[in-house]
Amino acid sequence: MRTLPPLALAAALAATLLLTACEDDESSADNAGNADRPGGSACALDDLGVEVGAGAAPAAGDTGSVTVTLTNNGAPCTLKGFPAVDLVADDGKASVPADQPGQAADAQSLPLTKGATASFTITYVRGEAGGAQSLPARKASFGLPGATATHDMTWSYGEVALKGEEGEPEATVSAFQTAGD
């Protein structure tokens, strides 16, 4: 009977050590880190297949969405946070802000095995063609958190409305989400 308390004490100590060794995985939506995790290292664009689907906004003032699906063609890896998205026009570019926490899905860590898919969505308001408060985007460029490589795609969904004095695009990008079955 004397062995029970020391075993209970040892189990409690082991559990405490395990809990204190765990990484605090809570992060803000603007966390650009995509650090190595036990389930796989950060995903690299070179190892991901890219597919784009759109629900284009038909007219100025309407809301549209462009969903980008990423398929892991390499070793297991992890996506975390929000992609960095820029809308590019002939005379410059504008960064698309991330969805605000609480308004949409919060960023989560998504481990991807080979063949697994994840997606993110760019939601935008279509601008008036040739309007002063419109960005005549010709392409969109996106990158993964913490990486410098980018992937360019043609933007054929009309001009994007601008808001505010600084001409920020009236658009947002979602966090990475699990896609497929």
# chains A, B, ... in the order shown; residues from 1 in each chain; ligands from 1
call {"tool": "residues_around", "arguments": {"residues": "range 173-181 of chain A", "least_positions_apart": "3", "cutoff": "9 Å", "atoms": "only C-alpha atoms", "output": "count of residues only"}}
result
32
call {"tool": "select_by_dssp", "arguments": {"residues": "range 22-175 of chain A", "states": "strand (DSSP E)", "output": "number ranges by chain"}}
result
A: 41-42, 48-55, 63-72, 77-80, 84-89, 92-96, 109-112, 117-125, 134-135, 139-143, 150-154, 160-163, 168-169, 171-173
call {"tool": "write_last_selection", "arguments": {"atoms": "C-alpha atoms", "output": "PDB file, in the first residue's frame"}}
result
ATOM      1  CA  SER A  41       7.443  21.204 -41.531  1.00  0.00           C
ATOM      2  CA  ALA A  42       5.987  24.339 -43.077  1.00  0.00           C
ATOM      3  CA  LEU A  48       1.734  22.333 -53.697  1.00  0.00           C
ATOM      4  CA  GLY A  49      -0.612  22.020 -56.650  1.00  0.00           C
ATOM      5  CA  VAL A  50      -2.785  25.112 -57.146  1.00  0.00           C
ATOM      6  CA  GLU A  51      -6.353  25.140 -58.454  1.00  0.00           C
ATOM      7  CA  VAL A  52      -8.550  28.239 -58.664  1.00  0.00           C
ATOM      8  CA  GLY A  53     -12.358  28.389 -58.677  1.00  0.00           C
ATOM      9  CA  ALA A  54     -14.442  31.542 -58.692  1.00  0.00           C
ATOM     10  CA  GLY A  55     -17.893  32.864 -58.068  1.00  0.00           C
ATOM     11  CA  THR A  63     -19.618  40.554 -53.920  1.00  0.00           C
ATOM     12  CA  GLY A  64     -17.605  37.755 -55.464  1.00  0.00           C
ATOM     13  CA  SER A  65     -15.242  35.073 -54.202  1.00  0.00           C
ATOM     14  CA  VAL A  66     -12.186  33.299 -55.528  1.00  0.00           C
ATOM     15  CA  THR A  67     -11.244  30.036 -53.833  1.00  0.00           C
ATOM     16  CA  VAL A  68      -7.701  28.741 -54.136  1.00  0.00           C
ATOM     17  CA  THR A  69      -7.256  25.042 -53.398  1.00  0.00           C
ATOM     18  CA  LEU A  70      -3.789  23.742 -52.549  1.00  0.00           C
ATOM     19  CA  THR A  71      -2.909  20.043 -52.881  1.00  0.00           C
ATOM     20  CA  ASN A  72       0.169  18.697 -51.130  1.00  0.00           C
ATOM     21  CA  CYS A  77       3.746  19.620 -44.064  1.00  0.00           C
ATOM     22  CA  THR A  78       1.751  22.183 -42.111  1.00  0.00           C
ATOM     23  CA  LEU A  79      -0.092  25.369 -43.098  1.00  0.00           C
ATOM     24  CA  LYS A  80      -0.874  27.927 -40.434  1.00  0.00           C
ATOM     25  CA  ALA A  84      -0.354  36.938 -48.085  1.00  0.00           C
ATOM     26  CA  VAL A  85      -2.353  38.136 -51.105  1.00  0.00           C
ATOM     27  CA  ASP A  86      -1.644  41.111 -53.368  1.00  0.00           C
ATOM     28  CA  LEU A  87      -3.846  42.319 -56.208  1.00  0.00           C
ATOM     29  CA  VAL A  88      -1.636  43.595 -59.006  1.00  0.00           C
ATOM     30  CA  ALA A  89      -2.625  46.266 -61.549  1.00  0.00           C
ATOM     31  CA  GLY A  92       0.873  49.111 -58.758  1.00  0.00           C
ATOM     32  CA  LYS A  93      -0.441  46.614 -56.279  1.00  0.00           C
ATOM     33  CA  ALA A  94      -2.603  46.497 -53.169  1.00  0.00           C
ATOM     34  CA  SER A  95      -2.419  44.019 -50.295  1.00  0.00           C
ATOM     35  CA  VAL A  96      -5.603  42.177 -49.343  1.00  0.00           C
ATOM     36  CA  SER A 109      -2.706  24.753 -37.873  1.00  0.00           C
ATOM     37  CA  LEU A 110      -3.503  22.394 -40.762  1.00  0.00           C
ATOM     38  CA  PRO A 111      -1.280  19.365 -41.220  1.00  0.00           C
ATOM     39  CA  LEU A 112      -1.328  18.102 -44.829  1.00  0.00           C
ATOM     40  CA  THR A 117      -5.946  19.602 -49.725  1.00  0.00           C
ATOM     41  CA  ALA A 118      -6.518  22.954 -48.060  1.00  0.00           C
ATOM     42  CA  SER A 119      -8.046  26.146 -49.390  1.00  0.00           C
ATOM     43  CA  PHE A 120      -8.413  29.851 -48.771  1.00  0.00           C
ATOM     44  CA  THR A 121     -10.898  32.329 -50.195  1.00  0.00           C
ATOM     45  CA  ILE A 122     -10.505  35.875 -51.435  1.00  0.00           C
ATOM     46  CA  THR A 123     -13.810  37.723 -51.038  1.00  0.00           C
ATOM     47  CA  TYR A 124     -14.093  41.024 -52.907  1.00  0.00           C
ATOM     48  CA  VAL A 125     -16.512  43.730 -54.018  1.00  0.00           C
ATOM     49  CA  SER A 134     -11.573  50.838 -58.474  1.00  0.00           C
ATOM     50  CA  LEU A 135      -8.396  48.807 -58.842  1.00  0.00           C
ATOM     51  CA  LYS A 139      -3.369  39.282 -61.485  1.00  0.00           C
ATOM     52  CA  ALA A 140      -3.304  38.135 -57.891  1.00  0.00           C
ATOM     53  CA  SER A 141      -0.132  36.994 -56.192  1.00  0.00           C
ATOM     54  CA  PHE A 142      -0.125  34.902 -53.022  1.00  0.00           C
ATOM     55  CA  GLY A 143       2.470  33.508 -50.674  1.00  0.00           C
ATOM     56  CA  THR A 150       4.837  33.640 -54.419  1.00  0.00           C
ATOM     57  CA  HIS A 151       2.417  32.169 -56.939  1.00  0.00           C
ATOM     58  CA  ASP A 152       0.800  34.416 -59.560  1.00  0.00           C
ATOM     59  CA  MET A 153      -2.615  33.817 -61.061  1.00  0.00           C
ATOM     60  CA  THR A 154      -4.606  35.760 -63.639  1.00  0.00           C
ATOM     61  CA  VAL A 160     -11.956  45.553 -57.325  1.00  0.00           C
ATOM     62  CA  ALA A 161     -13.625  48.364 -55.390  1.00  0.00           C
ATOM     63  CA  LEU A 162     -11.378  50.516 -53.201  1.00  0.00           C
ATOM     64  CA  LYS A 163     -12.306  52.031 -49.851  1.00  0.00           C
ATOM     65  CA  GLU A 168      -7.420  49.759 -49.631  1.00  0.00           C
ATOM     66  CA  PRO A 169      -9.122  47.024 -51.682  1.00  0.00           C
ATOM     67  CA  ALA A 171     -11.564  42.537 -50.147  1.00  0.00           C
ATOM     68  CA  THR A 172     -10.424  40.037 -47.519  1.00  0.00           C
ATOM     69  CA  VAL A 173      -8.616  36.717 -47.480  1.00  0.00           C
TER      70      VAL A 173
END
call {"tool": "atom_distance", "arguments": {"atom1": "CA of Glu165 in chain A", "atom2": "CA of Asp90 in chain A"}}
result
20.3 Å
call {"tool": "closest_residue", "arguments": {"among": "A:Leu144, A:Cys43, A:Ala75, A:Ala60", "to": "Glu159 in chain A", "atoms": "only C-alpha atoms"}}
result
A:Ala60
call {"tool": "closest_residue", "arguments": {"among": "A:Ala149, A:Gly74, A:Gly158, A:Leu45", "to": "Arg126 in chain A", "atoms": "only C-alpha atoms"}}
result
A:Gly158
call {"tool": "atom_distance", "arguments": {"atom1": "CA of Tyr157 in chain A", "atom2": "CA of Pro136 in chain A"}}
result
9.9 Å
call {"tool": "closest_residue", "arguments": {"among": "A:Pro145, A:Gly115, A:Gly167, A:Gly130", "to": "Pro76 in chain A", "atoms": "only C-alpha atoms"}}
result
A:Gly115
call {"tool": "atom_distance", "arguments": {"atom1": "CA of Gly131 in chain A", "atom2": "CA of Ser156 in chain A"}}
result
17.0 Å
call {"tool": "decode", "arguments": {"residues": "range 119-131 of chain A", "atoms": "N, CA and C atoms", "output": "mmCIF file, in the first residue's frame"}}
result
data_model
loop_
_atom_site.group_PDB
_atom_site.id
_atom_site.type_symbol
_atom_site.label_atom_id
_atom_site.label_comp_id
_atom_site.auth_asym_id
_atom_site.auth_seq_id
_atom_site.Cartn_x
_atom_site.Cartn_y
_atom_site.Cartn_z
ATOM 1 N N SER A 119 -7.663 25.037 -48.528
ATOM 2 C CA SER A 119 -8.046 26.146 -49.390
ATOM 3 C C SER A 119 -8.101 27.443 -48.600
ATOM 4 N N PHE A 120 -8.133 28.541 -49.338
ATOM 5 C CA PHE A 120 -8.413 29.851 -48.771
ATOM 6 C C PHE A 120 -9.257 30.594 -49.789
ATOM 7 N N THR A 121 -9.984 31.601 -49.327
ATOM 8 C CA THR A 121 -10.898 32.329 -50.195
ATOM 9 C C THR A 121 -10.633 33.819 -50.138
ATOM 10 N N ILE A 122 -10.585 34.423 -51.310
ATOM 11 C CA ILE A 122 -10.505 35.875 -51.435
ATOM 12 C C ILE A 122 -11.923 36.344 -51.732
ATOM 13 N N THR A 123 -12.475 37.155 -50.841
ATOM 14 C CA THR A 123 -13.810 37.723 -51.038
ATOM 15 C C THR A 123 -13.615 39.190 -51.393
ATOM 16 N N TYR A 124 -14.308 39.654 -52.430
ATOM 17 C CA TYR A 124 -14.093 41.024 -52.907
ATOM 18 C C TYR A 124 -15.401 41.662 -53.371
ATOM 19 N N VAL A 125 -15.394 42.980 -53.451
ATOM 20 C CA VAL A 125 -16.512 43.730 -54.018
ATOM 21 C C VAL A 125 -16.036 44.248 -55.362
ATOM 22 N N ARG A 126 -16.845 43.998 -56.377
ATOM 23 C CA ARG A 126 -16.471 44.434 -57.722
ATOM 24 C C ARG A 126 -16.595 45.944 -57.835
ATOM 25 N N GLY A 127 -15.587 46.560 -58.431
ATOM 26 C CA GLY A 127 -15.572 47.998 -58.633
ATOM 27 C C GLY A 127 -16.143 48.379 -59.987
ATOM 28 N N GLU A 128 -16.424 49.660 -60.141
ATOM 29 C CA GLU A 128 -16.935 50.184 -61.403
ATOM 30 C C GLU A 128 -15.782 50.257 -62.406
ATOM 31 N N ALA A 129 -15.979 49.726 -63.597
ATOM 32 C CA ALA A 129 -14.929 49.726 -64.619
ATOM 33 C C ALA A 129 -14.456 51.144 -64.893
ATOM 34 N N GLY A 130 -13.162 51.375 -64.732
ATOM 35 C CA GLY A 130 -12.582 52.688 -64.987
ATOM 36 C C GLY A 130 -12.862 53.723 -63.911
ATOM 37 N N GLY A 131 -13.511 53.328 -62.830
ATOM 38 C CA GLY A 131 -13.865 54.257 -61.757
ATOM 39 C C GLY A 131 -12.660 54.663 -60.922
#
